[in-house]
file structure.pdb (PDB, C-alpha atoms and all ligand atoms)
ATOM      1  CA  MET A   1     123.543 106.745  89.986
ATOM      2  CA  SER A   2     121.592 108.344  92.818
ATOM      3  CA  LEU A   3     123.232 110.318  95.610
ATOM      4  CA  LYS A   4     121.144 108.247  98.041
ATOM      5  CA  TYR A   5     122.940 105.115  96.849
ATOM      6  CA  ALA A   6     126.317 106.740  97.294
ATOM      7  CA  GLU A   7     125.456 107.809 100.851
ATOM      8  CA  HIS A   8     124.455 104.278 101.802
ATOM      9  CA  HIS A   9     127.067 102.301  99.882
ATOM     10  CA  PRO A  10     130.219 104.432  99.574
ATOM     11  CA  LYS A  11     132.516 101.377  99.251
ATOM     12  CA  ASP A  12     130.395  99.728  96.522
ATOM     13  CA  VAL A  13     130.276 102.991  94.614
ATOM     14  CA  VAL A  14     134.018 103.638  94.860
ATOM     15  CA  GLN A  15     134.657 100.060  93.682
ATOM     16  CA  ALA A  16     132.201 100.414  90.819
ATOM     17  CA  LEU A  17     133.686 103.749  89.748
ATOM     18  CA  SER A  18     137.257 102.464  89.867
ATOM     19  CA  GLY A  19     136.328  99.337  87.922
ATOM     20  CA  ARG A  20     137.460  97.047  90.775
ATOM     21  CA  ALA A  21     133.933  95.636  91.146
ATOM     22  CA  GLY A  22     134.530  93.518  88.046
ATOM     23  CA  GLY A  23     134.110  95.770  85.019
ATOM     24  CA  ALA A  24     134.092  99.265  83.600
ATOM     25  CA  LEU A  25     131.318 101.616  84.738
ATOM     26  CA  GLU A  26     129.645 101.486  81.312
ATOM     27  CA  ASP A  27     129.259  97.691  81.706
ATOM     28  CA  ILE A  28     127.145  98.085  84.862
ATOM     29  CA  VAL A  29     123.581  97.886  83.637
ATOM     30  CA  SER A  30     121.932  99.261  86.790
ATOM     31  CA  LEU A  31     122.699 100.392  90.313
ATOM     32  CA  THR A  32     119.762  99.974  92.633
ATOM     33  CA  PRO A  33     119.089 102.901  94.985
ATOM     34  CA  ILE A  34     118.252 102.005  98.545
ATOM     35  CA  GLY A  35     115.381 103.850 100.293
ATOM     36  CA  GLU A  36     115.338 105.260 103.833
ATOM     37  CA  PRO A  37     114.700 102.675 106.575
ATOM     38  CA  ARG A  38     111.097 102.729 107.866
ATOM     39  CA  ARG A  39     109.152 100.974 110.610
ATOM     40  CA  LYS A  40     107.607  97.656 109.571
ATOM     41  CA  ILE A  41     103.812  97.887 109.431
ATOM     42  CA  THR A  42     102.001  95.006 111.150
ATOM     43  CA  THR A  43      98.387  94.263 111.979
ATOM     44  CA  ALA A  44      99.109  95.804 115.416
ATOM     45  CA  THR A  45     100.216  99.048 113.721
ATOM     46  CA  LEU A  46      96.784  99.316 112.079
ATOM     47  CA  ARG A  47      95.071  99.181 115.488
ATOM     48  CA  GLU A  48      97.530 101.729 116.921
ATOM     49  CA  LYS A  49      96.789 104.024 114.005
ATOM     50  CA  LYS A  50      93.043 103.767 114.597
ATOM     51  CA  LEU A  51      93.540 104.526 118.301
ATOM     52  CA  HIS A  52      95.614 107.613 117.475
ATOM     53  CA  HIS A  53      93.330 108.724 114.618
ATOM     54  CA  GLU A  54      96.177 108.424 112.129
ATOM     55  CA  PRO A  55      94.796 107.649 108.660
ATOM     56  CA  ILE A  56      95.843 104.306 107.151
ATOM     57  CA  SER A  57      96.872 104.300 103.481
ATOM     58  CA  CYS A  58      96.473 101.272 101.240
ATOM     59  CA  LEU A  59      97.057 100.708  97.527
ATOM     60  CA  THR A  60      96.844  97.640  95.366
ATOM     61  CA  ALA A  61      99.952  96.360  93.581
ATOM     62  CA  TYR A  62     100.299  93.293  91.413
ATOM     63  CA  ASP A  63     103.933  93.264  90.293
ATOM     64  CA  TYR A  64     107.454  93.788  91.683
ATOM     65  CA  ALA A  65     108.169  97.277  90.308
ATOM     66  CA  THR A  66     104.864  98.828  91.362
ATOM     67  CA  ALA A  67     104.994  97.127  94.760
ATOM     68  CA  ARG A  68     108.465  98.490  95.331
ATOM     69  CA  LEU A  69     107.479 102.063  94.438
ATOM     70  CA  VAL A  70     104.341 101.889  96.598
ATOM     71  CA  ASP A  71     106.310 100.465  99.529
ATOM     72  CA  GLU A  72     109.134 102.988  99.216
ATOM     73  CA  ALA A  73     106.565 105.814  99.126
ATOM     74  CA  GLY A  74     105.564 104.737 102.645
ATOM     75  CA  ILE A  75     102.068 103.360 101.974
ATOM     76  CA  ASP A  76     100.929 101.305 104.997
ATOM     77  CA  ILE A  77      99.257  98.351 103.252
ATOM     78  CA  VAL A  78      99.966  96.794  99.878
ATOM     79  CA  LEU A  79      96.962  94.748  98.788
ATOM     80  CA  VAL A  80      97.276  92.187  96.030
ATOM     81  CA  GLY A  81      93.587  92.469  95.200
ATOM     82  CA  ASP A  82      91.708  90.026  93.023
ATOM     83  CA  SER A  83      90.946  93.168  91.009
ATOM     84  CA  LEU A  84      94.076  92.009  89.168
ATOM     85  CA  ALA A  85      91.697  89.713  87.280
ATOM     86  CA  MET A  86      90.576  92.830  85.396
ATOM     87  CA  THR A  87      93.508  95.251  85.702
ATOM     88  CA  MET A  88      96.290  92.779  84.880
ATOM     89  CA  LEU A  89      94.644  89.828  83.188
ATOM     90  CA  GLY A  90      91.823  91.499  81.255
ATOM     91  CA  TYR A  91      88.993  89.365  82.653
ATOM     92  CA  GLU A  92      85.504  90.864  82.749
ATOM     93  CA  ASN A  93      85.164  90.482  86.533
ATOM     94  CA  THR A  94      87.019  88.977  89.500
ATOM     95  CA  LEU A  95      85.267  85.603  89.455
ATOM     96  CA  SER A  96      87.563  83.645  87.156
ATOM     97  CA  VAL A  97      90.941  84.368  88.726
ATOM     98  CA  THR A  98      92.463  81.289  90.402
ATOM     99  CA  VAL A  99      94.557  80.728  93.531
ATOM    100  CA  ASP A 100      97.579  79.895  91.359
ATOM    101  CA  GLU A 101      97.205  83.086  89.320
ATOM    102  CA  MET A 102      96.909  85.123  92.534
ATOM    103  CA  LEU A 103      99.955  83.376  94.057
ATOM    104  CA  HIS A 104     102.073  84.272  91.017
ATOM    105  CA  HIS A 105     101.364  87.975  91.601
ATOM    106  CA  VAL A 106     101.670  87.838  95.402
ATOM    107  CA  ARG A 107     105.172  86.315  95.065
ATOM    108  CA  ALA A 108     106.252  89.132  92.748
ATOM    109  CA  VAL A 109     104.827  91.777  95.089
ATOM    110  CA  ARG A 110     106.472  90.106  98.116
ATOM    111  CA  ARG A 111     109.865  90.647  96.470
ATOM    112  CA  GLY A 112     109.136  94.384  96.188
ATOM    113  CA  VAL A 113     107.631  95.043  99.635
ATOM    114  CA  LYS A 114     109.760  95.582 102.748
ATOM    115  CA  ASP A 115     107.854  97.724 105.222
ATOM    116  CA  ALA A 116     104.198  97.722 104.240
ATOM    117  CA  LEU A 117     101.775  95.071 105.466
ATOM    118  CA  LEU A 118     101.211  92.658 102.579
ATOM    119  CA  ILE A 119      97.616  91.437 102.228
ATOM    120  CA  ALA A 120      96.557  88.921  99.588
ATOM    121  CA  ASP A 121      93.011  88.537  98.326
ATOM    122  CA  MET A 122      91.520  85.045  98.471
ATOM    123  CA  PRO A 123      89.856  84.575  95.072
ATOM    124  CA  TYR A 124      86.260  83.495  94.531
ATOM    125  CA  GLY A 125      85.727  79.788  95.281
ATOM    126  CA  SER A 126      88.865  79.397  97.400
ATOM    127  CA  TYR A 127      87.119  79.796 100.787
ATOM    128  CA  HIS A 128      83.435  79.252 100.059
ATOM    129  CA  ALA A 129      83.037  75.471 100.463
ATOM    130  CA  THR A 130      84.649  74.438 103.742
ATOM    131  CA  ALA A 131      86.808  75.910 106.490
ATOM    132  CA  GLU A 132      89.438  73.222 105.764
ATOM    133  CA  GLU A 133      89.703  74.377 102.163
ATOM    134  CA  ALA A 134      89.866  78.018 103.281
ATOM    135  CA  ILE A 135      92.699  77.245 105.740
ATOM    136  CA  HIS A 136      94.540  75.202 103.105
ATOM    137  CA  ASN A 137      94.331  78.013 100.523
ATOM    138  CA  ALA A 138      95.069  80.797 103.027
ATOM    139  CA  ALA A 139      98.158  78.901 104.216
ATOM    140  CA  ARG A 140      99.390  78.693 100.602
ATOM    141  CA  PHE A 141      99.348  82.509 100.420
ATOM    142  CA  VAL A 142     101.453  82.672 103.588
ATOM    143  CA  LYS A 143     103.846  79.755 102.969
ATOM    144  CA  GLU A 144     104.291  79.925  99.186
ATOM    145  CA  ALA A 145     104.019  83.672  98.603
ATOM    146  CA  GLY A 146     104.841  85.457 101.879
ATOM    147  CA  ALA A 147     101.488  87.184 102.472
ATOM    148  CA  GLU A 148     101.070  88.534 106.002
ATOM    149  CA  ALA A 149      97.260  88.455 105.920
ATOM    150  CA  VAL A 150      94.539  87.278 103.553
ATOM    151  CA  LYS A 151      91.327  89.084 102.623
ATOM    152  CA  MET A 152      87.928  87.438 102.326
ATOM    153  CA  GLU A 153      84.654  88.980 101.244
ATOM    154  CA  GLY A 154      81.491  88.614 103.339
ATOM    155  CA  GLY A 155      80.318  89.348 106.880
ATOM    156  CA  GLU A 156      78.095  87.272 109.167
ATOM    157  CA  LYS A 157      77.700  84.415 106.708
ATOM    158  CA  ARG A 158      81.491  84.033 106.355
ATOM    159  CA  VAL A 159      82.478  84.617 109.968
ATOM    160  CA  ASP A 160      82.806  80.955 111.034
ATOM    161  CA  VAL A 161      85.276  80.257 108.236
ATOM    162  CA  ILE A 162      87.153  83.486 108.997
ATOM    163  CA  ARG A 163      87.435  82.531 112.664
ATOM    164  CA  ARG A 164      88.900  79.147 111.697
ATOM    165  CA  VAL A 165      91.489  80.794 109.440
ATOM    166  CA  ILE A 166      92.460  83.207 112.236
ATOM    167  CA  ASP A 167      92.708  80.194 114.605
ATOM    168  CA  ALA A 168      95.205  78.747 112.106
ATOM    169  CA  GLU A 169      97.413  81.811 112.871
ATOM    170  CA  ILE A 170      96.597  83.630 109.643
ATOM    171  CA  PRO A 171      95.432  87.253 110.031
ATOM    172  CA  VAL A 172      92.321  88.004 107.986
ATOM    173  CA  ALA A 173      91.068  91.261 106.474
ATOM    174  CA  GLY A 174      87.283  91.431 106.102
ATOM    175  CA  HIS A 175      85.493  93.053 103.159
ATOM    176  CA  ILE A 176      81.829  94.071 103.256
ATOM    177  CA  GLY A 177      79.414  96.327 101.370
ATOM    178  CA  LEU A 178      79.851  96.121  97.607
ATOM    179  CA  THR A 179      81.672  92.799  97.434
ATOM    180  CA  PRO A 180      82.707  92.237  93.784
ATOM    181  CA  GLN A 181      82.730  88.429  94.156
ATOM    182  CA  SER A 182      78.934  88.668  94.725
ATOM    183  CA  VAL A 183      78.381  90.565  91.455
ATOM    184  CA  ASN A 184      75.922  88.000  90.095
ATOM    185  CA  VAL A 185      73.918  87.955  93.331
ATOM    186  CA  MET A 186      73.867  91.764  93.600
ATOM    187  CA  GLY A 187      72.888  92.062  89.913
ATOM    188  CA  GLY A 188      75.785  94.418  89.123
ATOM    189  CA  TYR A 189      78.158  96.708  90.963
ATOM    190  CA  LYS A 190      75.649  98.715  92.998
ATOM    191  CA  VAL A 191      76.134 100.884  96.069
ATOM    192  CA  GLN A 192      75.016  98.828  99.104
ATOM    193  CA  GLY A 193      73.499  99.816 102.462
ATOM    194  CA  LYS A 194      70.904 102.293 101.232
ATOM    195  CA  THR A 195      67.866 100.971 103.159
ATOM    196  CA  LEU A 196      67.383 100.630 106.927
ATOM    197  CA  GLN A 197      67.355  96.844 106.565
ATOM    198  CA  ALA A 198      70.585  96.873 104.534
ATOM    199  CA  ILE A 199      72.241  99.233 107.039
ATOM    200  CA  GLU A 200      71.266  96.896 109.878
ATOM    201  CA  GLN A 201      72.756  93.907 108.030
ATOM    202  CA  LEU A 202      75.981  95.812 107.307
ATOM    203  CA  MET A 203      76.278  96.756 110.966
ATOM    204  CA  ARG A 204      75.737  93.106 111.978
ATOM    205  CA  ASP A 205      78.386  92.042 109.439
ATOM    206  CA  ALA A 206      80.893  94.600 110.759
ATOM    207  CA  VAL A 207      80.288  93.652 114.418
ATOM    208  CA  ALA A 208      80.608  89.931 113.616
ATOM    209  CA  LEU A 209      83.971  90.504 111.888
ATOM    210  CA  ASP A 210      85.097  92.803 114.715
ATOM    211  CA  ARG A 211      84.309  90.101 117.306
ATOM    212  CA  ALA A 212      86.042  87.451 115.189
ATOM    213  CA  GLY A 213      89.230  89.526 115.493
ATOM    214  CA  VAL A 214      89.932  90.476 111.876
ATOM    215  CA  ALA A 215      92.928  92.745 111.233
ATOM    216  CA  CYS A 216      90.927  95.366 109.336
ATOM    217  CA  ILE A 217      87.676  95.633 107.402
ATOM    218  CA  TYR A 218      87.431  96.963 103.849
ATOM    219  CA  LEU A 219      84.198  98.925 103.380
ATOM    220  CA  GLU A 220      83.378  99.193  99.693
ATOM    221  CA  GLY A 221      80.622 101.125  97.915
ATOM    222  CA  ILE A 222      78.457 102.204 100.854
ATOM    223  CA  PRO A 223      77.082 105.623 101.876
ATOM    224  CA  ARG A 224      79.531 107.735 103.846
ATOM    225  CA  GLU A 225      77.072 107.994 106.762
ATOM    226  CA  VAL A 226      76.898 104.198 107.127
ATOM    227  CA  ALA A 227      80.691 103.821 106.899
ATOM    228  CA  ALA A 228      81.071 106.524 109.576
ATOM    229  CA  MET A 229      78.645 104.670 111.906
ATOM    230  CA  ILE A 230      80.475 101.360 111.440
ATOM    231  CA  THR A 231      83.887 102.991 111.933
ATOM    232  CA  ALA A 232      82.751 104.606 115.197
ATOM    233  CA  GLU A 233      81.085 101.408 116.458
ATOM    234  CA  ILE A 234      83.910  98.864 116.078
ATOM    235  CA  GLU A 235      87.505  98.613 117.326
ATOM    236  CA  THR A 236      88.775  97.110 114.077
ATOM    237  CA  PRO A 237      90.252  99.664 111.635
ATOM    238  CA  THR A 238      88.075 100.261 108.565
ATOM    239  CA  ILE A 239      89.592 100.922 105.138
ATOM    240  CA  GLY A 240      87.196 102.598 102.718
ATOM    241  CA  ILE A 241      86.829 102.519  98.961
ATOM    242  CA  GLY A 242      83.812 104.507  97.865
ATOM    243  CA  ALA A 243      82.819 104.724 101.529
ATOM    244  CA  GLY A 244      83.560 108.354 102.389
ATOM    245  CA  PRO A 245      86.238 110.131 104.441
ATOM    246  CA  GLU A 246      85.311 108.957 107.958
ATOM    247  CA  CYS A 247      86.858 105.491 107.523
ATOM    248  CA  ASP A 248      90.108 104.834 109.415
ATOM    249  CA  GLY A 249      91.928 104.449 106.113
ATOM    250  CA  GLN A 250      91.495 104.672 102.364
ATOM    251  CA  VAL A 251      92.357 102.301  99.544
ATOM    252  CA  LEU A 252      92.422 102.773  95.779
ATOM    253  CA  VAL A 253      93.175 100.352  92.990
ATOM    254  CA  ILE A 254      96.499 101.632  91.626
ATOM    255  CA  HIS A 255      95.285 101.377  88.026
ATOM    256  CA  ASP A 256      92.416 103.745  88.926
ATOM    257  CA  LEU A 257      94.810 106.182  90.619
ATOM    258  CA  LEU A 258      97.030 106.176  87.506
ATOM    259  CA  ASN A 259      94.298 106.245  84.837
ATOM    260  CA  LEU A 260      95.090 102.796  83.512
ATOM    261  CA  THR A 261      91.630 101.251  83.665
ATOM    262  CA  PHE A 262      90.199 102.278  80.266
ATOM    263  CA  GLY A 263      86.502 102.426  81.297
ATOM    264  CA  HIS A 264      84.461 105.251  82.865
ATOM    265  CA  PRO A 265      85.837 105.717  86.410
ATOM    266  CA  ALA A 266      83.604 105.191  89.452
ATOM    267  CA  LYS A 267      82.567 108.294  91.422
ATOM    268  CA  PHE A 268      85.114 107.666  94.180
ATOM    269  CA  VAL A 269      88.122 107.404  91.849
ATOM    270  CA  ARG A 270      90.604 110.258  91.793
ATOM    271  CA  HIS A 271      93.315 110.249  89.121
ATOM    272  CA  TYR A 272      96.593 111.272  90.746
ATOM    273  CA  GLY A 273      98.503 110.737  87.512
ATOM    274  CA  ASP A 274      97.966 109.812  83.883
ATOM    275  CA  ALA A 275     100.049 106.723  83.195
ATOM    276  CA  ALA A 276      97.997 105.990  80.067
ATOM    277  CA  ALA A 277      99.109 109.293  78.509
ATOM    278  CA  LEU A 278     102.677 108.849  79.746
ATOM    279  CA  ILE A 279     102.971 105.314  78.336
ATOM    280  CA  THR A 280     101.352 106.228  75.007
ATOM    281  CA  GLN A 281     103.611 109.273  74.587
ATOM    282  CA  ALA A 282     106.753 107.274  75.401
ATOM    283  CA  VAL A 283     105.791 104.365  73.137
ATOM    284  CA  LEU A 284     105.035 106.696  70.204
ATOM    285  CA  ALA A 285     108.341 108.529  70.700
ATOM    286  CA  PHE A 286     110.251 105.207  70.758
ATOM    287  CA  LYS A 287     108.438 104.022  67.623
ATOM    288  CA  ALA A 288     109.327 107.251  65.806
ATOM    289  CA  ASP A 289     113.004 107.078  66.906
ATOM    290  CA  VAL A 290     113.327 103.459  65.724
ATOM    291  CA  ALA A 291     111.722 104.353  62.385
ATOM    292  CA  SER A 292     114.129 107.286  61.876
ATOM    293  CA  HIS A 293     117.276 105.444  63.133
ATOM    294  CA  GLN A 294     117.528 107.866  66.076
ATOM    295  CA  PHE A 295     117.598 105.038  68.598
ATOM    296  CA  PRO A 296     120.004 103.829  69.855
ATOM    297  CA  SER A 297     122.651 106.559  69.595
ATOM    298  CA  ASP A 298     126.399 105.906  69.752
ATOM    299  CA  GLY A 299     126.318 106.988  73.402
ATOM    300  CA  GLU A 300     123.715 104.299  74.090
ATOM    301  CA  SER A 301     125.883 101.582  72.512
ATOM    302  CA  TYR A 302     128.606  99.408  74.052
ATOM    303  CA  HIS A 303     132.117  99.693  72.580
ATOM    304  CA  LEU A 304     135.084  97.398  72.208
ATOM    305  CA  PRO A 305     138.080  98.167  74.414
ATOM    306  CA  LYS A 306     140.747 100.117  72.430
ATOM    307  CA  ASP A 307     143.279  97.217  72.349
ATOM    308  CA  THR A 308     140.625  94.721  71.162
ATOM    309  CA  GLN A 309     139.520  97.204  68.499
ATOM    310  CA  ALA A 310     143.148  97.598  67.292
ATOM    311  CA  ALA A 311     143.673  93.815  67.226
ATOM    312  CA  LEU A 312     140.398  93.312  65.330
ATOM    313  CA  THR A 313     141.382  95.954  62.754
ATOM    314  CA  THR A 314     144.714  94.184  62.226
ATOM    315  CA  VAL A 315     142.989  90.785  61.762
ATOM    316  CA  LEU A 316     140.481  92.224  59.298
ATOM    317  CA  GLU A 317     143.202  93.992  57.322
ATOM    318  CA  ARG A 318     145.208  90.734  57.093
ATOM    319  CA  LYS A 319     142.125  88.855  55.870
ATOM    320  CA  ARG A 320     141.435  91.532  53.284
ATOM    321  CA  ALA A 321     145.096  91.392  52.115
ATOM    322  CA  LEU A 322     144.928  87.591  51.720
ATOM    323  CA  ARG A 323     141.755  87.913  49.596
ATOM    324  CA  ARG A 324     143.462  90.357  47.189
TER     325      ARG A 324
HETATM  326  O1  LIG A 401      90.499  93.513  94.729
HETATM  327  C1  LIG A 401      90.693  94.654  95.178
HETATM  328  O2  LIG A 401      91.470  95.443  94.639
HETATM  329  C2  LIG A 401      89.959  95.038  96.377
HETATM  330  C3  LIG A 401      90.008  96.478  96.810
HETATM  331  C4  LIG A 401      89.212  97.287  95.893
HETATM  332  C5  LIG A 401      89.568  96.646  98.209
HETATM  333  O3  LIG A 401      89.332  94.226  96.968
END
call {"tool": "encode", "arguments": {"input": "structure.pdb", "output": "structure tokens"}}
result
Amino acid sequence: MSLKYAEHHPKDVVQALSGRAGGALEDIVSLTPIGEPRRKITTATLREKKLHHEPISCLTAYDYATARLVDEAGIDIVLVGDSLAMTMLGYENTLSVTVDEMLHHVRAVRRGVKDALLIADMPYGSYHATAEEAIHNAARFVKEAGAEAVKMEGGEKRVDVIRRVIDAEIPVAGHIGLTPQSVNVMGGYKVQGKTLQAIEQLMRDAVALDRAGVACIYLEGIPREVAAMITAEIETPTIGIGAGPECDGQVLVIHDLLNLTFGHPAKFVRHYGDAAALITQAVLAFKADVASHQFPSDGESYHLPKDTQAALTTVLERKRALRR
């Protein structure tokens, strides 16, 4: 049990320890620690942070436990990215993931997030045909899964639809540069904005999204110099991934940060931990303990109460006597 829990819930703890909460301490499978209270992050907070030059942090999360850890660590934005198509579902790219698959993950993340702003990615095909369809799908993320904003890829060409979704009271995060849902059009995952023409288009895309009133703009896979120009030009906070340090914030896919992505990492990825090694080590140790009968130990087993044990022994002895 953590000290933090005891500080926040002295009565619960005393009850649990004295057995008055409904069972002996060994019967309580888990006690959930409660984190420190923190200010709720909203779309307005992102703008405030840009104004005050305070960097915005964002990580992806796709499940309850990870979302909870990310939120309790004080990350500003939790993004349920459609990157989950690859990281969680093993698809080759993001194109096949559906609205229903995304909703399943957003609901789980919602249950783990208290303070961070929760943004859900709109998957490919869910906002490309009509504004009505985009509003319908975006509203599902808000009503059925508790998202506080949705993210859509594309700049100028998507801005009319984005405006309509914002008019329907749903905050939108933009995403320009290397947009993974355009992988077939781009001919692979290539750094964007390397020619004057491409820079001009990116700037037009950023300004169009800025004027439409998006909550933030993800800048992915573009030269640092271009990201710096865009960030200085617009009022909307920019969140970079492979876009250099001048963006207003930074995002990483949590599987990249934890070395859980299997392939060769992109240049911008920094491993802050090695979950692959940790998981493999733990799994191998468990396997070895099971094979050698080292797990579980007596201390990891539940026991009968003394009086039940005595009564059981008496019953068994009587049965044995009758058989003789
Ligand atoms: O899907 C995702 O995880 C993303 C981030 C990389 C920005 O879009």
call {"tool": "resolve_selection", "arguments": {"input": "structure.pdb", "expression": "the PyMOL selection byres (((chain A and resi 125) around 10) and not hetatm)", "output": "MDAnalysis selection string"}}
result
chainID A and resid 95:99 122:124 126:129 133:134 181
call {"tool": "axis_aligned_box", "arguments": {"input": "structure.pdb", "around": "segment 283-290 of chain A", "padding_each_side": "4 Å", "output": "lines of an AutoDock Vina configuration file"}}
result
center_x = 109.2
center_y = 106.0
center_z = 69.4
size_x = 16.3
size_y = 13.1
size_z = 15.4
call {"tool": "residues_near_ligand", "arguments": {"input": "structure.pdb", "ligand": "ligand LIG 401 (chain A)", "cutoff": "10 Å", "atoms": "all atoms listed in the file", "output": "ChimeraX atom specification"}}
result
/A:58-62,79-87,94,120-123,151-153,173-176,178-181,217-221,239-242,250-255
call {"tool": "residues_around", "arguments": {"input": "structure.pdb", "residues": "segment 266-283 of chain A", "least_positions_apart": "6", "cutoff": "7 Å", "atoms": "all atoms listed in the file", "output": "list in words"}}
result
Gly242, Asp256, Leu257, Leu258, Asn259 and Leu260 of chain A
call {"tool": "write_last_selection", "arguments": {"input": "structure.pdb", "atoms": "C-alpha atoms", "output": "tab-separated table (two decimals), in the coordinates of the input"}}
result
chain	number	residue	atom	x	y	z
A	242	GLY	CA	83.81	104.51	97.86
A	256	ASP	CA	92.42	103.74	88.93
A	257	LEU	CA	94.81	106.18	90.62
A	258	LEU	CA	97.03	106.18	87.51
A	259	ASN	CA	94.30	106.24	84.84
A	260	LEU	CA	95.09	102.80	83.51
call {"tool": "residues_around", "arguments": {"input": "structure.pdb", "residues": "Gly112 of chain A", "least_positions_apart": "5", "cutoff": "6 Å", "atoms": "all atoms listed in the file", "output": "mmCIF file with C-alpha atoms, in the frame of the given file"}}
result
data_model
loop_
_atom_site.group_PDB
_atom_site.id
_atom_site.type_symbol
_atom_site.label_atom_id
_atom_site.label_comp_id
_atom_site.auth_asym_id
_atom_site.auth_seq_id
_atom_site.Cartn_x
_atom_site.Cartn_y
_atom_site.Cartn_z
ATOM 1 C CA TYR A 64 107.454 93.788 91.683
ATOM 2 C CA ALA A 67 104.994 97.127 94.760
ATOM 3 C CA ARG A 68 108.465 98.490 95.331
#
call {"tool": "atom_distance", "arguments": {"input": "structure.pdb", "atom1": "atom CA of Val165 of chain A", "atom2": "atom CA of Asp210 of chain A"}}
result
14.6 Å
call {"tool": "closest_residue", "arguments": {"input": "structure.pdb", "among": "A:Arg158, A:Arg211, A:His136, A:His53", "to": "Ala232 of chain A", "atoms": "only C-alpha atoms"}}
result
A:His53
call {"tool": "resolve_selection", "arguments": {"input": "structure.pdb", "expression": "the PyMOL selection byres (((chain A and resi 208) around 10) and not hetatm)", "output": "ChimeraX atom specification"}}
result
/A:155-160,202-207,209-214,234
call {"tool": "atom_distance", "arguments": {"input": "structure.pdb", "atom1": "atom CA of Arg140 of chain A", "atom2": "atom CA of Gly249 of chain A"}}
result
27.4 Å
call {"tool": "residues_around", "arguments": {"input": "structure.pdb", "residues": "Gly244 of chain A", "least_positions_apart": "3", "cutoff": "8 Å", "atoms": "only C-alpha atoms", "output": "ChimeraX atom specification"}}
result
/A:223-225,227-228,240-241,247
call {"tool": "write_last_selection", "arguments": {"input": "structure.pdb", "atoms": "C-alpha atoms", "output": "PDB file, in the coordinates of the input"}}
result
ATOM      1  CA  PRO A 223      77.082 105.623 101.876  1.00  0.00           C
ATOM      2  CA  ARG A 224      79.531 107.735 103.846  1.00  0.00           C
ATOM      3  CA  GLU A 225      77.072 107.994 106.762  1.00  0.00           C
ATOM      4  CA  ALA A 227      80.691 103.821 106.899  1.00  0.00           C
ATOM      5  CA  ALA A 228      81.071 106.524 109.576  1.00  0.00           C
ATOM      6  CA  GLY A 240      87.196 102.598 102.718  1.00  0.00           C
ATOM      7  CA  ILE A 241      86.829 102.519  98.961  1.00  0.00           C
ATOM      8  CA  CYS A 247      86.858 105.491 107.523  1.00  0.00           C
TER       9      CYS A 247
END
call {"tool": "residues_around", "arguments": {"input": "structure.pdb", "residues": "Glu54 of chain A", "least_positions_apart": "4", "cutoff": "9 Å", "atoms": "only C-alpha atoms", "output": "JSON, numbers by chain"}}
result
{"A": [48, 49, 50, 248, 249]}
call {"tool": "residues_around", "arguments": {"input": "structure.pdb", "residues": "Ile119 of chain A", "least_positions_apart": "4", "cutoff": "6 Å", "atoms": "all atoms listed in the file", "output": "mmCIF file with C-alpha atoms, in the frame of the given file"}}
result
data_model
loop_
_atom_site.group_PDB
_atom_site.id
_atom_site.type_symbol
_atom_site.label_atom_id
_atom_site.label_comp_id
_atom_site.auth_asym_id
_atom_site.auth_seq_id
_atom_site.Cartn_x
_atom_site.Cartn_y
_atom_site.Cartn_z
ATOM 1 C CA LEU A 79 96.962 94.748 98.788
ATOM 2 C CA ALA A 147 101.488 87.184 102.472
ATOM 3 C CA GLU A 148 101.070 88.534 106.002
ATOM 4 C CA ALA A 149 97.260 88.455 105.920
ATOM 5 C CA VAL A 150 94.539 87.278 103.553
#
call {"tool": "atom_distance", "arguments": {"input": "structure.pdb", "atom1": "atom CA of Leu118 of chain A", "atom2": "atom CA of Ile77 of chain A"}}
result
6.1 Å
call {"tool": "closest_residue", "arguments": {"input": "structure.pdb", "among": "A:Ala198, A:His105, A:Thr43, A:Ala285", "to": "Ile170 of chain A", "atoms": "only C-alpha atoms"}}
result
A:Thr43
call {"tool": "closest_residue", "arguments": {"input": "structure.pdb", "among": "A:Leu117, A:Ala321, A:Ile135, A:Met88", "to": "Cys216 of chain A", "atoms": "all atoms listed in the file"}}
result
A:Leu117
